[in-house]
Amino acid sequence: MDPSRAFVTNVKRLIVKVGTAVVTRGDGRLAVGRLGALCEQLKELNSQGYEIVLVTSGAVGIGLQRLRYRKLVNSSLAELQNAQFELDGKACAAVGQSSLMALYDTLFSQLDVTSSQYLVTDTEFRDTSFRKQLSETVKSLLSLKVIPIFNENDAVSTRRAPYEDSSGIFWDNDSLAGLLAMELKADLLVMLSDVEGLYSGPPSDPNSKLIHTYIKEKHQCEITFGDKSRLGRGGMTAKVNAAVCAAYAGIPSVITSGYATDSIIKVLQGKCVGTLFHRDAHLWTLVKELGVREMAVTARKCSRQLQAMNSEDRRKILLDIADALEANESLIKIENEADVTAAQNDGYEKSLISRLSLKPGKISSLAKSIRVLADMEDPIAQVLKRTELADGLILEKTSSPLGVLLVIFESRPDALVQIASLAIRSGNGLLLKGGKEAKRSNAILHKVITSAIPENIGEKLIGLVTSREDIPDLLKLDDVIDLVIPRGSNKLITQIKNSTKIPVLGHADGICHVYVDKSAKVDMAKQIVRDAKIDYPAACNAMVYSVPIGSQETLLLHKDLSSNGLLNELVSDLQHEGVTVYGGPRASSLLNIPETHSFHHEYSSMACTIEIVDDVQAAINHIHQHGRHAMNIRTQNSFFFSLVV
């Protein structure tokens with residue numbers, strides 16, 4: 001199930017609207033095959049316990065085809081030579097309605113389903129007694145598993161130009177479907193069209209793209225609609241208006257293809273078909289952001305307001321953020337699961353998916369960490385050094401915010417929460433650029449966090465950059481951005497360092513080492529080696545026993561371990577745990593394992609390199625040569641740990 005469609009699990013009553021282009025063929029005749037497939041879907045859903053109300057167009061189109069034939073039959077030879085038939089639409093509707101309902105009755109009867117008919121006009125809905133009676137009758141029919149079929153009574157409707165007169169309650173069968181969804185308290189509105197859903201432009205345009213989730217704030221000004229329905233009064237514009245109206249009333253709506261034989265069933269299975277309209281959709285997909293310079297300038301202005309606050313007020317912001325994260329945990333999980341599912345479908349490595357996933361308890365853990373940060377000593381205006389230059393002349397060095405930070409990180413959405421919290425506590429403005437694989441997780445986390453920031457500071461204190469193409473422009477803003485902090489691969493960090501004048505705080509590969517000496521205790525050696533690699537192989541940048549903040553990439557073993565069997569035991573234990581083992585020149589020859597292509601490779605996965613060394617000093621030399629030159633050596637039973645920070 002697509003996480004954005006999780007609401008379908010609560011659907012009991014649904015409105016299905018079928019358009020003229022689905023009911024009829026291109027020549028105006030009834031599309032009996034499509035209607036048969038539709039009725040079979042509704043039969044299956046009816047038997048599963050769903051309450052179904054059908055709103056159908058097509059009467060005018062069917063009547064038009066029939067009256068053309070009748071006009072042709074009754075015309076003289078002279079009239080046939082000038083065959084310009086002008087037919088009254090209301091007459092077409094009157095003829096077509098009986099034919100359309102006769103077909104539905106026949107099809108449903110073959111499936112042992114009972115249907116009923118309602119012909120309504122917008123004026124009738126002005127009567128509250130009518131609306132009340134309508135709801136009661138429909139409720140009674142649904143309890144008997146009868147499928148009510150609604151159609152606007154075009155034969156007697158006084159409305160001729162629906163888009164020139166907005167005084168009515170509904171204007172066509174699309175708006176009637178939206179009205180019924182609200183009136184009958186439906187759980188879902190499904191609108192069937194002759195295309196797969198809403199496109200960014202006319203579906204015939206090869207540059208148009210299907211919009212899976214409609215965001216009113218983003219799409220209403222960007223979409224170019226094509227022609228209206230070839231026979232009906234509506235078209236995609238009418239469907240979108242009806243879907244938006246229903247969605248903002250709390251009824252999710254989906255526009256999808258009526259040509260597919262199982263489109264409604266797929267919608268109710270939670271599959272990503274068609275275009276979804278949901279009142280919370282703006283929380284799922286980020287609306288187009290400000291230009292990067294404006295975003296940075298605005299973050300600086302907001303940070304100055306933040307710096308002017310006292311410590312207790314900044315502390316309260318963090319506490320509010322922690323509360324907001326916990327209150328929105330279910331929504332955050334839905335978006336994160338969508339990212340994880342997409343990453344799995346795209347074939348990403350397991351290590352990246354592990355970093356991407358917000359596992360159970362993670363949100364609570366993040367909220368707890370934020371509260372701990374809130375209770376820590378205020379880092380702003382701390383006197384770091386005081387020097388008396390002369391009598392009465394004291395020079396003080398105090399801590400102060402940096403200004404605006406640009407933090408570029410990859411697949412860990414929890415990093416966004418940590419970075420944002422630290423920025424707020426330290427009084428800094430912040431621009432965040434996360435990996436595309438965590439787009440939805442980052443968007444909802446950013447939305448939740450910024451919604452907790454007071455209006456006098458402004459939610460634009462923290463900007464979320466969504467396009468990779470914006471990074472080069474951001475790196476040029478040395479007059480606005482004060483520090484760049486890239487978190488990720490060596491390639492990413494090196495590229496950023498070489499592309500900007502802004503100071504960069506970064507690290508490269510986390511090549512972490514464990515050395516096992518000949519005097520090591522066997523059980524302890526096995527435990528440490530296993531923990532260092534297995535506990536969290538997706539982590540980078542560190543390895544320290546009992547604090548699994550990183551993952552071992554290289555295991556160095558004293559040459560004498562081959563004689564007492566410990567070397568083979570350690571390798572066998574790792575392989576048994578699913579670790580792919582590579583060897584340096586000495587180890588690959590001795591253990592008959594594949595030789596590594598480089599000692600500088602960061603696996604961040606269930607793989608590591610093993611090499612044989614002569615002694616402790618050789619191990620230290622190896623770490624100096626191939627590690628990150630930031631070594632914290634702790635001696636305990638001849639074990640050495642390389643810690644890269």
# chains A, B, ... in the order shown; residues from 1 in each chain; ligands from 1

call {"tool": "residues_around", "arguments": {"residues": "A:Lys397", "least_positions_apart": "5", "cutoff": "6 Å", "atoms": "only C-alpha atoms", "output": "NGL selection string"}}
result
:A and (383-385)

call {"tool": "select_by_dssp", "arguments": {"residues": "stretch 482-614 of chain A", "states": "alpha helix (DSSP H)", "output": "PyMOL selection string"}}
result
chain A and resi 490-497+522-534+566-576+585-591

call {"tool": "residues_around", "arguments": {"residues": "A:Leu331", "least_positions_apart": "4", "cutoff": "12 Å", "atoms": "only C-alpha atoms", "output": "PyMOL selection string"}}
result
chain A and resi 3-7+280-281+283-284+324-327+335-338+363+440-441+443-445+447-448

call {"tool": "select_by_dssp", "arguments": {"residues": "stretch 295-420 of chain A", "states": "strand (DSSP E)", "output": "number ranges by chain"}}
result
A: 383-390, 393-398, 404-408

call {"tool": "write_last_selection", "arguments": {"atoms": "N, CA and C atoms", "output": "PDB file, in the first residue's frame"}}
result
ATOM      1  N   VAL A 383      31.228  33.720  28.426  1.00  0.00           N
ATOM      2  CA  VAL A 383      32.566  34.318  28.426  1.00  0.00           C
ATOM      3  C   VAL A 383      33.596  33.199  28.337  1.00  0.00           C
ATOM      4  N   LEU A 384      34.342  33.172  27.259  1.00  0.00           N
ATOM      5  CA  LEU A 384      35.325  32.123  27.024  1.00  0.00           C
ATOM      6  C   LEU A 384      36.718  32.516  27.501  1.00  0.00           C
ATOM      7  N   LYS A 385      36.975  33.817  27.477  1.00  0.00           N
ATOM      8  CA  LYS A 385      38.304  34.285  27.877  1.00  0.00           C
ATOM      9  C   LYS A 385      38.203  35.753  28.262  1.00  0.00           C
ATOM     10  N   ARG A 386      38.926  36.124  29.299  1.00  0.00           N
ATOM     11  CA  ARG A 386      38.922  37.514  29.753  1.00  0.00           C
ATOM     12  C   ARG A 386      40.367  37.969  29.942  1.00  0.00           C
ATOM     13  N   THR A 387      40.696  39.097  29.319  1.00  0.00           N
ATOM     14  CA  THR A 387      42.067  39.614  29.394  1.00  0.00           C
ATOM     15  C   THR A 387      42.038  41.075  29.823  1.00  0.00           C
ATOM     16  N   GLU A 388      42.824  41.404  30.830  1.00  0.00           N
ATOM     17  CA  GLU A 388      42.924  42.801  31.266  1.00  0.00           C
ATOM     18  C   GLU A 388      44.049  43.457  30.483  1.00  0.00           C
ATOM     19  N   LEU A 389      43.689  44.352  29.605  1.00  0.00           N
ATOM     20  CA  LEU A 389      44.682  45.016  28.762  1.00  0.00           C
ATOM     21  C   LEU A 389      45.345  46.183  29.483  1.00  0.00           C
ATOM     22  N   ALA A 390      44.581  46.838  30.343  1.00  0.00           N
ATOM     23  CA  ALA A 390      45.095  47.953  31.135  1.00  0.00           C
ATOM     24  C   ALA A 390      44.129  48.155  32.292  1.00  0.00           C
ATOM     25  N   LEU A 393      40.439  48.307  31.631  1.00  0.00           N
ATOM     26  CA  LEU A 393      40.166  47.924  30.242  1.00  0.00           C
ATOM     27  C   LEU A 393      40.240  46.400  30.133  1.00  0.00           C
ATOM     28  N   ILE A 394      39.056  45.775  30.077  1.00  0.00           N
ATOM     29  CA  ILE A 394      38.957  44.317  30.040  1.00  0.00           C
ATOM     30  C   ILE A 394      38.484  43.872  28.652  1.00  0.00           C
ATOM     31  N   LEU A 395      39.209  42.964  28.055  1.00  0.00           N
ATOM     32  CA  LEU A 395      38.824  42.393  26.768  1.00  0.00           C
ATOM     33  C   LEU A 395      38.249  40.998  27.008  1.00  0.00           C
ATOM     34  N   GLU A 396      37.004  40.799  26.573  1.00  0.00           N
ATOM     35  CA  GLU A 396      36.350  39.516  26.766  1.00  0.00           C
ATOM     36  C   GLU A 396      36.089  38.835  25.428  1.00  0.00           C
ATOM     37  N   LYS A 397      36.316  37.568  25.427  1.00  0.00           N
ATOM     38  CA  LYS A 397      35.963  36.725  24.278  1.00  0.00           C
ATOM     39  C   LYS A 397      34.708  35.949  24.659  1.00  0.00           C
ATOM     40  N   THR A 398      33.604  36.203  23.944  1.00  0.00           N
ATOM     41  CA  THR A 398      32.341  35.558  24.278  1.00  0.00           C
ATOM     42  C   THR A 398      31.825  34.750  23.083  1.00  0.00           C
ATOM     43  N   VAL A 404      24.155  32.341   9.504  1.00  0.00           N
ATOM     44  CA  VAL A 404      23.340  31.419   8.702  1.00  0.00           C
ATOM     45  C   VAL A 404      24.198  30.221   8.308  1.00  0.00           C
ATOM     46  N   LEU A 405      23.695  29.037   8.605  1.00  0.00           N
ATOM     47  CA  LEU A 405      24.397  27.802   8.286  1.00  0.00           C
ATOM     48  C   LEU A 405      23.719  27.122   7.102  1.00  0.00           C
ATOM     49  N   LEU A 406      24.523  26.580   6.217  1.00  0.00           N
ATOM     50  CA  LEU A 406      24.021  25.721   5.151  1.00  0.00           C
ATOM     51  C   LEU A 406      24.512  24.308   5.438  1.00  0.00           C
ATOM     52  N   VAL A 407      23.590  23.419   5.723  1.00  0.00           N
ATOM     53  CA  VAL A 407      23.952  22.041   6.043  1.00  0.00           C
ATOM     54  C   VAL A 407      23.416  21.132   4.935  1.00  0.00           C
ATOM     55  N   ILE A 408      24.323  20.408   4.314  1.00  0.00           N
ATOM     56  CA  ILE A 408      23.981  19.480   3.232  1.00  0.00           C
ATOM     57  C   ILE A 408      24.211  18.073   3.753  1.00  0.00           C
TER      58      ILE A 408
END

call {"tool": "residues_around", "arguments": {"residues": "A:Tyr118", "least_positions_apart": "3", "cutoff": "8 Å", "atoms": "only C-alpha atoms", "output": "ChimeraX atom specification"}}
result
/A:148-151

call {"tool": "write_last_selection", "arguments": {"atoms": "N, CA, C and O atoms", "output": "short mmCIF file (atom, residue, chain, number, x, y, z; two decimals), in the first residue's frame"}}
result
data_model
loop_
_atom_site.label_atom_id
_atom_site.label_comp_id
_atom_site.auth_asym_id
_atom_site.auth_seq_id
_atom_site.Cartn_x
_atom_site.Cartn_y
_atom_site.Cartn_z
N PRO A 148 -27.61 3.18 -5.24
CA PRO A 148 -28.33 4.33 -5.79
C PRO A 148 -27.53 4.94 -6.95
O PRO A 148 -26.31 5.08 -6.86
N ILE A 149 -28.24 5.28 -8.03
CA ILE A 149 -27.58 5.90 -9.19
C ILE A 149 -28.17 7.29 -9.37
O ILE A 149 -29.38 7.45 -9.58
N PHE A 150 -27.30 8.30 -9.31
CA PHE A 150 -27.72 9.70 -9.43
C PHE A 150 -27.33 10.24 -10.80
O PHE A 150 -26.29 9.88 -11.37
N ASN A 151 -28.16 11.15 -11.29
CA ASN A 151 -27.86 11.86 -12.53
C ASN A 151 -28.55 13.21 -12.46
O ASN A 151 -29.69 13.31 -11.98
#

call {"tool": "residues_around", "arguments": {"residues": "stretch 411-428 of chain A", "least_positions_apart": "4", "cutoff": "6 Å", "atoms": "only C-alpha atoms", "output": "ChimeraX atom specification"}}
result
/A:303,306-307,355-356,401,403-404,435,438,442

call {"tool": "write_last_selection", "arguments": {"atoms": "all heavy atoms", "output": "CSV table (one decimal), in the first residue's frame"}}
result
chain,number,residue,atom,x,y,z
A,303,SER,N,17.0,34.9,12.2
A,303,SER,CA,17.9,34.5,13.2
A,303,SER,C,18.3,35.7,14.1
A,303,SER,O,18.5,35.5,15.3
A,303,SER,CB,19.2,34.0,12.5
A,303,SER,OG,19.9,35.1,11.9
A,306,LEU,N,15.7,35.7,16.6
A,306,LEU,CA,15.9,34.6,17.6
A,306,LEU,C,17.0,34.9,18.6
A,306,LEU,O,16.9,34.6,19.8
A,306,LEU,CB,16.3,33.3,16.8
A,306,LEU,CG,16.6,32.1,17.6
A,306,LEU,CD1,15.4,31.5,18.2
A,306,LEU,CD2,17.2,31.0,16.7
A,307,GLN,N,18.1,35.6,18.1
A,307,GLN,CA,19.2,35.9,19.0
A,307,GLN,C,18.8,37.0,20.0
A,307,GLN,O,19.3,37.0,21.1
A,307,GLN,CB,20.3,36.5,18.1
A,307,GLN,CG,21.0,35.4,17.2
A,307,GLN,CD,21.8,36.1,16.1
A,307,GLN,OE1,22.1,37.2,16.1
A,307,GLN,NE2,22.0,35.2,15.1
A,355,ARG,N,19.7,3.9,7.0
A,355,ARG,CA,19.9,5.2,7.4
A,355,ARG,C,18.6,6.0,7.2
A,355,ARG,O,18.3,7.0,8.0
A,355,ARG,CB,21.0,5.9,6.8
A,355,ARG,CG,22.4,5.3,7.1
A,355,ARG,CD,23.5,6.2,6.7
A,355,ARG,NE,23.6,6.3,5.3
A,355,ARG,CZ,24.4,5.5,4.5
A,355,ARG,NH1,25.0,4.5,5.0
A,355,ARG,NH2,24.4,5.7,3.2
A,356,LEU,N,17.9,5.7,6.1
A,356,LEU,CA,16.7,6.4,5.8
A,356,LEU,C,15.5,6.2,6.7
A,356,LEU,O,14.7,7.0,7.0
A,356,LEU,CB,16.3,6.1,4.3
A,356,LEU,CG,15.0,6.6,3.7
A,356,LEU,CD1,15.1,8.2,3.7
A,356,LEU,CD2,14.8,6.1,2.3
A,401,PRO,N,26.4,33.5,18.0
A,401,PRO,CA,25.9,32.7,16.9
A,401,PRO,C,26.8,33.0,15.7
A,401,PRO,O,27.3,34.1,15.5
A,401,PRO,CB,24.5,33.2,16.7
A,401,PRO,CG,24.1,33.8,18.0
A,401,PRO,CD,25.3,34.3,18.6
A,403,GLY,N,25.6,32.8,12.5
A,403,GLY,CA,24.8,33.6,11.5
A,403,GLY,C,23.8,32.6,10.8
A,403,GLY,O,22.9,32.2,11.3
A,404,VAL,N,24.2,32.3,9.5
A,404,VAL,CA,23.3,31.4,8.7
A,404,VAL,C,24.2,30.2,8.3
A,404,VAL,O,25.3,30.4,7.7
A,404,VAL,CB,22.8,32.1,7.4
A,404,VAL,CG1,22.0,31.1,6.6
A,404,VAL,CG2,21.9,33.3,7.8
A,435,GLY,N,19.0,14.6,1.1
A,435,GLY,CA,19.0,13.7,-0.1
A,435,GLY,C,17.6,13.5,-0.6
A,435,GLY,O,16.6,13.6,0.1
A,438,ALA,N,15.0,11.0,0.8
A,438,ALA,CA,14.3,11.4,2.0
A,438,ALA,C,13.4,12.6,1.8
A,438,ALA,O,13.1,13.2,2.8
A,438,ALA,CB,15.3,11.6,3.1
A,442,ASN,N,11.8,14.6,4.9
A,442,ASN,CA,12.4,15.9,5.2
A,442,ASN,C,11.3,17.0,5.2
A,442,ASN,O,11.2,17.9,6.0
A,442,ASN,CB,13.5,16.2,4.3
A,442,ASN,CG,14.7,15.4,4.5
A,442,ASN,OD1,14.9,14.8,5.6
A,442,ASN,ND2,15.6,15.3,3.5

call {"tool": "residues_around", "arguments": {"residues": "A:Leu268", "least_positions_apart": "2", "cutoff": "9 Å", "atoms": "only C-alpha atoms", "output": "short mmCIF file (atom, residue, chain, number, x, y, z; two decimals) with N, CA and C atoms, in the first residue's frame"}}
result
data_model
loop_
_atom_site.label_atom_id
_atom_site.label_comp_id
_atom_site.auth_asym_id
_atom_site.auth_seq_id
_atom_site.Cartn_x
_atom_site.Cartn_y
_atom_site.Cartn_z
N ARG A 5 -1.86 6.71 0.68
CA ARG A 5 -3.22 6.22 0.49
C ARG A 5 -3.69 5.38 1.68
N VAL A 8 -7.46 4.68 2.97
CA VAL A 8 -8.45 3.77 2.38
C VAL A 8 -8.85 2.66 3.35
N THR A 9 -8.01 2.41 4.35
CA THR A 9 -8.36 1.36 5.32
C THR A 9 -9.59 1.72 6.13
N VAL A 11 -12.23 3.43 4.75
CA VAL A 11 -13.33 3.75 3.83
C VAL A 11 -14.45 2.72 3.98
N SER A 263 -9.73 -0.04 -11.74
CA SER A 263 -9.18 1.19 -11.16
C SER A 263 -9.75 1.49 -9.78
N ILE A 264 -11.06 1.26 -9.57
CA ILE A 264 -11.65 1.54 -8.25
C ILE A 264 -11.09 0.58 -7.21
N ILE A 265 -10.96 -0.68 -7.58
CA ILE A 265 -10.40 -1.67 -6.66
C ILE A 265 -8.98 -1.32 -6.28
N LYS A 266 -8.18 -0.86 -7.24
CA LYS A 266 -6.80 -0.47 -6.95
C LYS A 266 -6.75 0.72 -5.99
N GLY A 270 -5.19 0.88 -1.91
CA GLY A 270 -4.14 1.81 -1.50
C GLY A 270 -3.03 1.97 -2.50
N LYS A 271 -3.26 1.54 -3.73
CA LYS A 271 -2.22 1.67 -4.74
C LYS A 271 -2.20 3.09 -5.30
#
